[in-house]
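Below you'll find the structure, written out as structure tokens, and then a few comments.
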Amino acid sequence: MKNFISANDTGDPNQLALHAAEIKKNPHANRKLGCNKVLGMIFFNSSLRTRMSTTRAAYNLGMKVMTLNVSADLWQLEMEDGTVMDQGNAEHVRDAIPVMASYCDVLAVRSFPTLVDREEDYKEKLINSFVQLASCPIVNLESATLHPLQSLADLLTIREHQSNEKSKVVLTWAPHIKPLPQSVANSFAQWMIASDVNLTITQPEGMELAPQFSDGALIETNQEKALQNADFVYVKSWSSYTDYGKIHKAPNWMMTNTKLDLTNNAKLMHCLPVRRNVVIADDAMDSDQSVIQELAANRLWAAQVVLTEILKGL
Amino acid sequence: MKNFISANDTGDPNQLALHAAEIKKNPHANRKLGCNKVLGMIFFNSSLRTRMSTTRAAYNLGMKVMTLNVSADLWQLEMEDGTVMDQGNAEHVRDAIPVMASYCDVLAVRSFPTLVDREEDYKEKLINSFVQLASCPIVNLESATLHPLQSLADLLTIREHQSNEKSKVVLTWAPHIKPLPQSVANSFAQWMIASDVNLTITQPEGMELAPQFSDGALIETNQEKALQNADFVYVKSWSSYTDYGKIHKAPNWMMTNTKLDLTNNAKLMHCLPVRRNVVIADDAMDSDQSVIQELAANRLWAAQVVLTEILKGL
Amino acid sequence: MKNFISANDTGDPNQLALHAAEIKKNPHANRKLGCNKVLGMIFFNSSLRTRMSTTRAAYNLGMKVMTLNVSADLWQLEMEDGTVMDQGNAEHVRDAIPVMASYCDVLAVRSFPTLVDREEDYKEKLINSFVQLASCPIVNLESATLHPLQSLADLLTIREHQSNEKSKVVLTWAPHIKPLPQSVANSFAQWMIASDVNLTITQPEGMELAPQFSDGALIETNQEKALQNADFVYVKSWSSYTDYGKIHKAPNWMMTNTKLDLTNNAKLMHCLPVRRNVVIADDAMDSDQSVIQELAANRLWAAQVVLTEILKGL
């Protein structure tokens, strides 16, 4: 594997999930694979699970890690070409990225969208700049529109709990007090479709995901109808793609135990962080159907299989 | 040792201090004990000695370390159960803590009190949440009311300088410009009493420590009287426990060489950071009686013995 | 090598650059030299290249690393002796530095000048305090007036591209929107002169560097004249030394391809970060004459040779 930016970089997502499941059984088997190798993690935004699980994955492989918080550790970076840099940004990505790459064997990058300019966000300028300008492999720790390490953990968790191949997976929109990126939802859709999962997406009208990621899923604007016979319910808030970055107020879309009762005893999934009693009610969060903690723990194996594949290619 | 939250977790504090003294003689003897093990350090507040000494201790034991500053690296955490999370806190500790634990073998946590609500602070909600919700051992890097790694270093330093068993140890309050936690003083009292040290606590009236930690010590509101025949003088500022979180203005309680002259050539101790010429005068700080730097250096051995005991139990 | 503060600590700068070039050929040859050793990096200011390259260098030598951002991780430090510390600074460097040193085998420190009080800045109080108060070696990661790791990388890069011994090296001032330290320029001049390089410094009148660093160089206020026959052009912005900390507005001093055409096909150097089209025009930045990326990559070997020499002396 050269880079890990989206489902398209994986070959077969199901094979990658299988490999992750094997690593989970024997986490330290490859503890010398990353010997003398350094992972640089560059955070333009906050992170808990991604930061910790990727760090742990690198450690399990014998890598060393260096972590930069762009806002705290260095100055702001310019992304536009040809500008006269007499404003706030003190260094151009064209200069900074090759330098970072020269000190690391793998770079991993997190950078959220602006949620202001859709075209700009969906161009994925920053992560693409890393791919183009770095001499080393790039891992996406959540970019403007995708979060593939999350989606790989999602897929692994579904495969672990799946009793039959034709399981019904429902991705349901949930309300939130702030405009959130579409990245987790986009990426989940992309990975499920690429993995031949039977996917239904349910959201209020106007909250449809970008077609380039959701095409191939069944779309259903009636949440209760969508939940019927679901084997997996993946809850996620996102801001509008069409009325870009706007939030939608529909508190009745919050996930509850009453709604879970409509399903085929579905496993409840969410990527965290979750605002309890806004996105998912306490009763559902704390029910036996929740595999949310398992899913979070699986982030480690997703990160570790990706780093393993990348290290093998170095 | 399962967790390290207070003196109660140590079995015999004196034995632990003895063990720390042995480690100090041969710091790298157990350099493979922590192989493949990861310490996660979670800072809700600033730290210098605790951060550095605990990191070094983990390194000496062959552990890997990951460090999170909650305010800089991630979002704020909710601690109340049942709340509708539509305010500032983006994730509940009930969800975040098990996740952190799933990526680490040991978690260490620093979180200061509010100094506003005494009952809340003395419930030690956050550190107790970690103990209850994490699947791995928890180390207290200073909680709302206690600072046991400091106290263990205090005990080690006293034992190293003690000429006879009946040494008199005096904990004396000192003025400060800001309301400080009672944690170092509470913890010092708890450990000295648990270690059968002859402890006198001196403070102005109204600045008494919480009885659950100070019961068993001799209390003396006359500082000069308390200092007579002292073999060790431990200086510390704290805000009021009774008039909770309030500071007391009594600049004449600052420690000076003149006051040290009242003692039995006592060793001067302070946990640092210290505001010179507010808490302790320069002449006392820089006198031969000060073992403040030794004490700070001993923080490493305190951390290392605790991690050693915890690793042995994994 | 005991400390690495300026060119004066190197013995022969050319020998050190030669040694760096050897390490570059075989980066992992000494991967056990730093076994059980810890590098503490203390950042009072932002850093990208210095932070990453020094961390990588330590890793290549088998060292462990701990990094502190003073503003984010701890409280502010007092540097004046004898003050009543009832203001913002919560700990004195006299107390903090020996403590940091007690947990580390090598300390590396970055701290920029105030650019307000020239005498204070040029006293180099902070880095000198580290040298005086720490029991371990100190590495300068850029101090108020010098940046020796940069200069060593500069020298290495020049030696790699030098076709004859009498190469002409020109350090040229460039405009900037903010007052920048003189440290990179001072240090470059100091190292070039100590290395017997044929150095010309060109700057507008009033922007002369401190004589203690620039004495021995040819000074030329006509930039075009200075650039004639240059083999290396080192571009750098700095604020005024004489009218201390003031910026000079002279946009026509920006480096361009037109100006590079005046040279002997000179290699273009800059330490980064660079504000494109303010300090250097895009055409020059992206020309074949630029060795700016090579120079940045060489920061790693500069850091690694310095840590190697220091570790050998432990």
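Every chain in the structure tokens takes a letter, A first, then B, and so on in the order presented; its residues are numbered from 1, and the ligands are numbered from 1 following the presented order.
Secondary structure from DSSP on the backbone puts strand (DSSP E) at the following positions of stretch 41-71 of chain A: Met41, Ile42, Phe43, Lys64, Val65, Met66, Thr67, Leu68 and Asn69 of chain A.
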Only N, CA, C and O atoms, please: the residues just picked out, written as a PDB file, in the first residue's frame.
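Wrote it out as result_3.pdb, contents follow:
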```pdb
ATOM      1  N   MET A  41       2.882  12.360  12.939  1.00  0.00           N
ATOM      2  CA  MET A  41       1.445  12.624  12.944  1.00  0.00           C
ATOM      3  C   MET A  41       1.222  14.136  13.016  1.00  0.00           C
ATOM      4  O   MET A  41       1.687  14.799  13.941  1.00  0.00           O
ATOM      5  N   ILE A  42       0.495  14.658  12.028  1.00  0.00           N
ATOM      6  CA  ILE A  42       0.303  16.106  11.921  1.00  0.00           C
ATOM      7  C   ILE A  42      -1.181  16.398  12.149  1.00  0.00           C
ATOM      8  O   ILE A  42      -2.021  16.023  11.321  1.00  0.00           O
ATOM      9  N   PHE A  43      -1.478  17.068  13.242  1.00  0.00           N
ATOM     10  CA  PHE A  43      -2.873  17.373  13.559  1.00  0.00           C
ATOM     11  C   PHE A  43      -3.187  18.843  13.331  1.00  0.00           C
ATOM     12  O   PHE A  43      -2.681  19.700  14.043  1.00  0.00           O
ATOM     13  N   LYS A  64       8.831   4.462  15.940  1.00  0.00           N
ATOM     14  CA  LYS A  64       8.871   5.642  16.779  1.00  0.00           C
ATOM     15  C   LYS A  64       7.828   6.630  16.241  1.00  0.00           C
ATOM     16  O   LYS A  64       7.498   6.571  15.048  1.00  0.00           O
ATOM     17  N   VAL A  65       7.364   7.513  17.083  1.00  0.00           N
ATOM     18  CA  VAL A  65       6.298   8.445  16.692  1.00  0.00           C
ATOM     19  C   VAL A  65       6.691   9.868  17.047  1.00  0.00           C
ATOM     20  O   VAL A  65       7.274  10.094  18.113  1.00  0.00           O
ATOM     21  N   MET A  66       6.415  10.804  16.147  1.00  0.00           N
ATOM     22  CA  MET A  66       6.445  12.214  16.562  1.00  0.00           C
ATOM     23  C   MET A  66       5.136  12.873  16.155  1.00  0.00           C
ATOM     24  O   MET A  66       4.618  12.643  15.072  1.00  0.00           O
ATOM     25  N   THR A  67       4.589  13.663  17.069  1.00  0.00           N
ATOM     26  CA  THR A  67       3.258  14.234  16.894  1.00  0.00           C
ATOM     27  C   THR A  67       3.338  15.751  16.907  1.00  0.00           C
ATOM     28  O   THR A  67       3.950  16.319  17.803  1.00  0.00           O
ATOM     29  N   LEU A  68       2.744  16.384  15.913  1.00  0.00           N
ATOM     30  CA  LEU A  68       2.686  17.846  15.869  1.00  0.00           C
ATOM     31  C   LEU A  68       1.245  18.327  15.883  1.00  0.00           C
ATOM     32  O   LEU A  68       0.425  17.871  15.074  1.00  0.00           O
ATOM     33  N   ASN A  69       0.937  19.263  16.773  1.00  0.00           N
ATOM     34  CA  ASN A  69      -0.313  20.002  16.707  1.00  0.00           C
ATOM     35  C   ASN A  69      -0.023  21.299  15.977  1.00  0.00           C
ATOM     36  O   ASN A  69       0.702  22.151  16.500  1.00  0.00           O
TER      37      ASN A  69
END
```
Q: Residues of chain A no more than 10 Å from chain C, counting only C-alpha atoms: send them over as a ChimeraX atom specification.
A: /A:36-38,40,63-68,70-75,77-78,81-87,89-92,94-96,98-104
Same residues, N, CA and C atoms, saved as a tab-separated table (two decimals), in the first residue's frame:
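The resulting part22.tsv:
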```tsv
chain	number	residue	atom	x	y	z
A	36	ASN	N	13.51	1.23	13.36
A	36	ASN	CA	14.20	2.38	12.72
A	36	ASN	C	13.28	3.23	11.86
A	37	LYS	N	11.97	3.01	11.96
A	37	LYS	CA	11.03	3.81	11.16
A	37	LYS	C	10.27	4.78	12.07
A	38	VAL	N	9.99	5.93	11.52
A	38	VAL	CA	9.32	6.98	12.30
A	38	VAL	C	8.02	7.41	11.63
A	40	GLY	N	5.28	10.29	11.56
A	40	GLY	CA	4.98	11.68	11.93
A	40	GLY	C	3.48	11.89	11.84
A	63	MET	N	7.60	1.08	15.63
A	63	MET	CA	7.91	2.41	15.10
A	63	MET	C	8.11	3.40	16.24
A	64	LYS	N	8.83	4.46	15.94
A	64	LYS	CA	8.87	5.64	16.78
A	64	LYS	C	7.83	6.63	16.24
A	65	VAL	N	7.36	7.51	17.08
A	65	VAL	CA	6.30	8.45	16.69
A	65	VAL	C	6.69	9.87	17.05
A	66	MET	N	6.42	10.80	16.15
A	66	MET	CA	6.44	12.21	16.56
A	66	MET	C	5.14	12.87	16.15
A	67	THR	N	4.59	13.66	17.07
A	67	THR	CA	3.26	14.23	16.89
A	67	THR	C	3.34	15.75	16.91
A	68	LEU	N	2.74	16.38	15.91
A	68	LEU	CA	2.69	17.85	15.87
A	68	LEU	C	1.24	18.33	15.88
A	70	VAL	N	-0.58	21.46	14.80
A	70	VAL	CA	-0.18	22.61	13.98
A	70	VAL	C	-0.43	23.92	14.72
A	71	SER	N	-1.58	24.06	15.36
A	71	SER	CA	-1.89	25.35	15.99
A	71	SER	C	-1.01	25.61	17.20
A	72	ALA	N	-0.62	24.59	17.92
A	72	ALA	CA	0.16	24.81	19.15
A	72	ALA	C	1.65	24.77	18.91
A	73	ASP	N	2.10	23.92	18.00
A	73	ASP	CA	3.53	23.68	17.86
A	73	ASP	C	4.19	24.54	16.80
A	74	LEU	N	3.41	24.95	15.79
A	74	LEU	CA	4.02	25.77	14.75
A	74	LEU	C	3.04	26.80	14.23
A	75	TRP	N	3.44	27.47	13.17
A	75	TRP	CA	2.66	28.55	12.59
A	75	TRP	C	1.65	28.00	11.60
A	77	LEU	N	-0.22	27.42	7.97
A	77	LEU	CA	0.33	27.10	6.65
A	77	LEU	C	-0.55	27.66	5.53
A	78	GLU	N	0.10	28.13	4.50
A	78	GLU	CA	-0.57	28.68	3.31
A	78	GLU	C	-0.79	27.56	2.30
A	81	ASP	N	-1.48	28.70	-4.17
A	81	ASP	CA	-0.26	28.97	-4.94
A	81	ASP	C	-0.24	30.40	-5.45
A	82	GLY	N	0.95	30.97	-5.51
A	82	GLY	CA	1.12	32.27	-6.15
A	82	GLY	C	0.78	33.47	-5.29
A	83	THR	N	0.34	33.25	-4.07
A	83	THR	CA	-0.03	34.38	-3.22
A	83	THR	C	1.21	35.12	-2.72
A	84	VAL	N	1.01	36.42	-2.49
A	84	VAL	CA	2.00	37.20	-1.76
A	84	VAL	C	1.73	36.95	-0.28
A	85	MET	N	2.64	36.28	0.37
A	85	MET	CA	2.37	35.81	1.74
A	85	MET	C	2.65	36.88	2.78
A	86	ASP	N	1.86	37.95	2.72
A	86	ASP	CA	2.04	39.04	3.69
A	86	ASP	C	0.92	39.06	4.73
A	87	GLN	N	0.22	37.92	4.87
A	87	GLN	CA	-0.86	37.84	5.86
A	87	GLN	C	-0.47	36.86	6.97
A	89	ASN	N	-0.44	33.50	7.33
A	89	ASN	CA	0.23	32.22	7.14
A	89	ASN	C	1.72	32.41	6.87
A	90	ALA	N	2.54	31.75	7.67
A	90	ALA	CA	3.97	32.02	7.65
A	90	ALA	C	4.77	31.05	6.80
A	91	GLU	N	4.14	29.94	6.36
A	91	GLU	CA	4.89	28.99	5.53
A	91	GLU	C	3.94	28.33	4.55
A	92	HIS	N	4.43	28.06	3.35
A	92	HIS	CA	3.62	27.43	2.31
A	92	HIS	C	3.71	25.91	2.45
A	94	ARG	N	3.83	23.90	0.16
A	94	ARG	CA	4.80	23.41	-0.82
A	94	ARG	C	6.21	23.34	-0.25
A	95	ASP	N	6.48	24.18	0.73
A	95	ASP	CA	7.79	24.13	1.38
A	95	ASP	C	7.77	23.24	2.62
A	96	ALA	N	6.67	23.27	3.37
A	96	ALA	CA	6.64	22.56	4.65
A	96	ALA	C	6.50	21.05	4.48
A	98	PRO	N	7.36	18.75	2.01
A	98	PRO	CA	8.55	17.92	1.70
A	98	PRO	C	9.54	17.87	2.86
A	99	VAL	N	9.61	18.92	3.64
A	99	VAL	CA	10.50	18.93	4.80
A	99	VAL	C	10.04	17.91	5.83
A	100	MET	N	8.76	17.96	6.18
A	100	MET	CA	8.23	16.99	7.15
A	100	MET	C	8.51	15.57	6.67
A	101	ALA	N	8.29	15.35	5.38
A	101	ALA	CA	8.48	14.01	4.83
A	101	ALA	C	9.94	13.58	4.91
A	102	SER	N	10.85	14.55	4.85
A	102	SER	CA	12.27	14.19	4.86
A	102	SER	C	12.72	13.68	6.23
A	103	TYR	N	11.95	13.97	7.27
A	103	TYR	CA	12.31	13.53	8.62
A	103	TYR	C	11.54	12.29	9.06
A	104	CYS	N	10.59	11.82	8.24
A	104	CYS	CA	9.71	10.72	8.65
A	104	CYS	C	9.67	9.64	7.57
```
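Across B:Val106, B:Ala250, B:His161, B:Phe213, the tightest approach to B:Asn265 is made by B:His161 when counting only C-alpha atoms.
Shortest separation to B:Leu218 among B:Thr172, B:Ser195, B:Ser239, B:Thr263 occurs at residue B:Thr172, atoms counted being only C-alpha atoms.
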Q: as number ranges by chain, list the residues of stretch 41-237 of chain C assigned to helix (DSSP H, G or I) by DSSP on the backbone atoms of this structure.
A: C: 49-60, 70-73, 93-103, 118-123, 125-133, 148-161, 183-194, 211-214, 223-227
Find the spatial neighbours of C:Asn8, counting only C-alpha atoms, within a cut-off of 10 Å - ignore same-chain residues fewer than 4 positions away - and output them as a PDB file with N, CA, C and O atoms, in the first residue's frame.
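Result saved to result.pdb:
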```pdb
ATOM      1  N   PHE C   4      26.224  22.589  23.124  1.00  0.00           N
ATOM      2  CA  PHE C   4      26.236  23.069  21.742  1.00  0.00           C
ATOM      3  C   PHE C   4      25.413  24.357  21.699  1.00  0.00           C
ATOM      4  O   PHE C   4      24.204  24.339  21.504  1.00  0.00           O
ATOM      5  N   ASP C  12      36.427  22.492  15.449  1.00  0.00           N
ATOM      6  CA  ASP C  12      36.508  22.907  14.044  1.00  0.00           C
ATOM      7  C   ASP C  12      35.163  22.659  13.349  1.00  0.00           C
ATOM      8  O   ASP C  12      34.773  21.506  13.148  1.00  0.00           O
ATOM      9  N   PRO C  13      34.456  23.732  12.973  1.00  0.00           N
ATOM     10  CA  PRO C  13      33.146  23.550  12.321  1.00  0.00           C
ATOM     11  C   PRO C  13      33.212  22.697  11.067  1.00  0.00           C
ATOM     12  O   PRO C  13      32.292  21.921  10.782  1.00  0.00           O
ATOM     13  N   PRO C 148      22.636  27.678  16.002  1.00  0.00           N
ATOM     14  CA  PRO C 148      23.786  26.919  15.501  1.00  0.00           C
ATOM     15  C   PRO C 148      23.440  25.630  14.760  1.00  0.00           C
ATOM     16  O   PRO C 148      24.190  25.239  13.860  1.00  0.00           O
ATOM     17  N   GLN C 190      28.710  33.888  11.913  1.00  0.00           N
ATOM     18  CA  GLN C 190      29.695  33.329  12.859  1.00  0.00           C
ATOM     19  C   GLN C 190      30.298  32.024  12.340  1.00  0.00           C
ATOM     20  O   GLN C 190      31.509  31.811  12.381  1.00  0.00           O
ATOM     21  N   TRP C 191      29.446  31.158  11.821  1.00  0.00           N
ATOM     22  CA  TRP C 191      29.922  29.849  11.344  1.00  0.00           C
ATOM     23  C   TRP C 191      30.731  29.963  10.063  1.00  0.00           C
ATOM     24  O   TRP C 191      31.730  29.256   9.885  1.00  0.00           O
ATOM     25  N   ALA C 194      34.098  31.338  10.992  1.00  0.00           N
ATOM     26  CA  ALA C 194      34.879  30.320  11.711  1.00  0.00           C
ATOM     27  C   ALA C 194      35.318  29.184  10.789  1.00  0.00           C
ATOM     28  O   ALA C 194      36.238  28.434  11.107  1.00  0.00           O
TER      29      ALA C 194
END
```
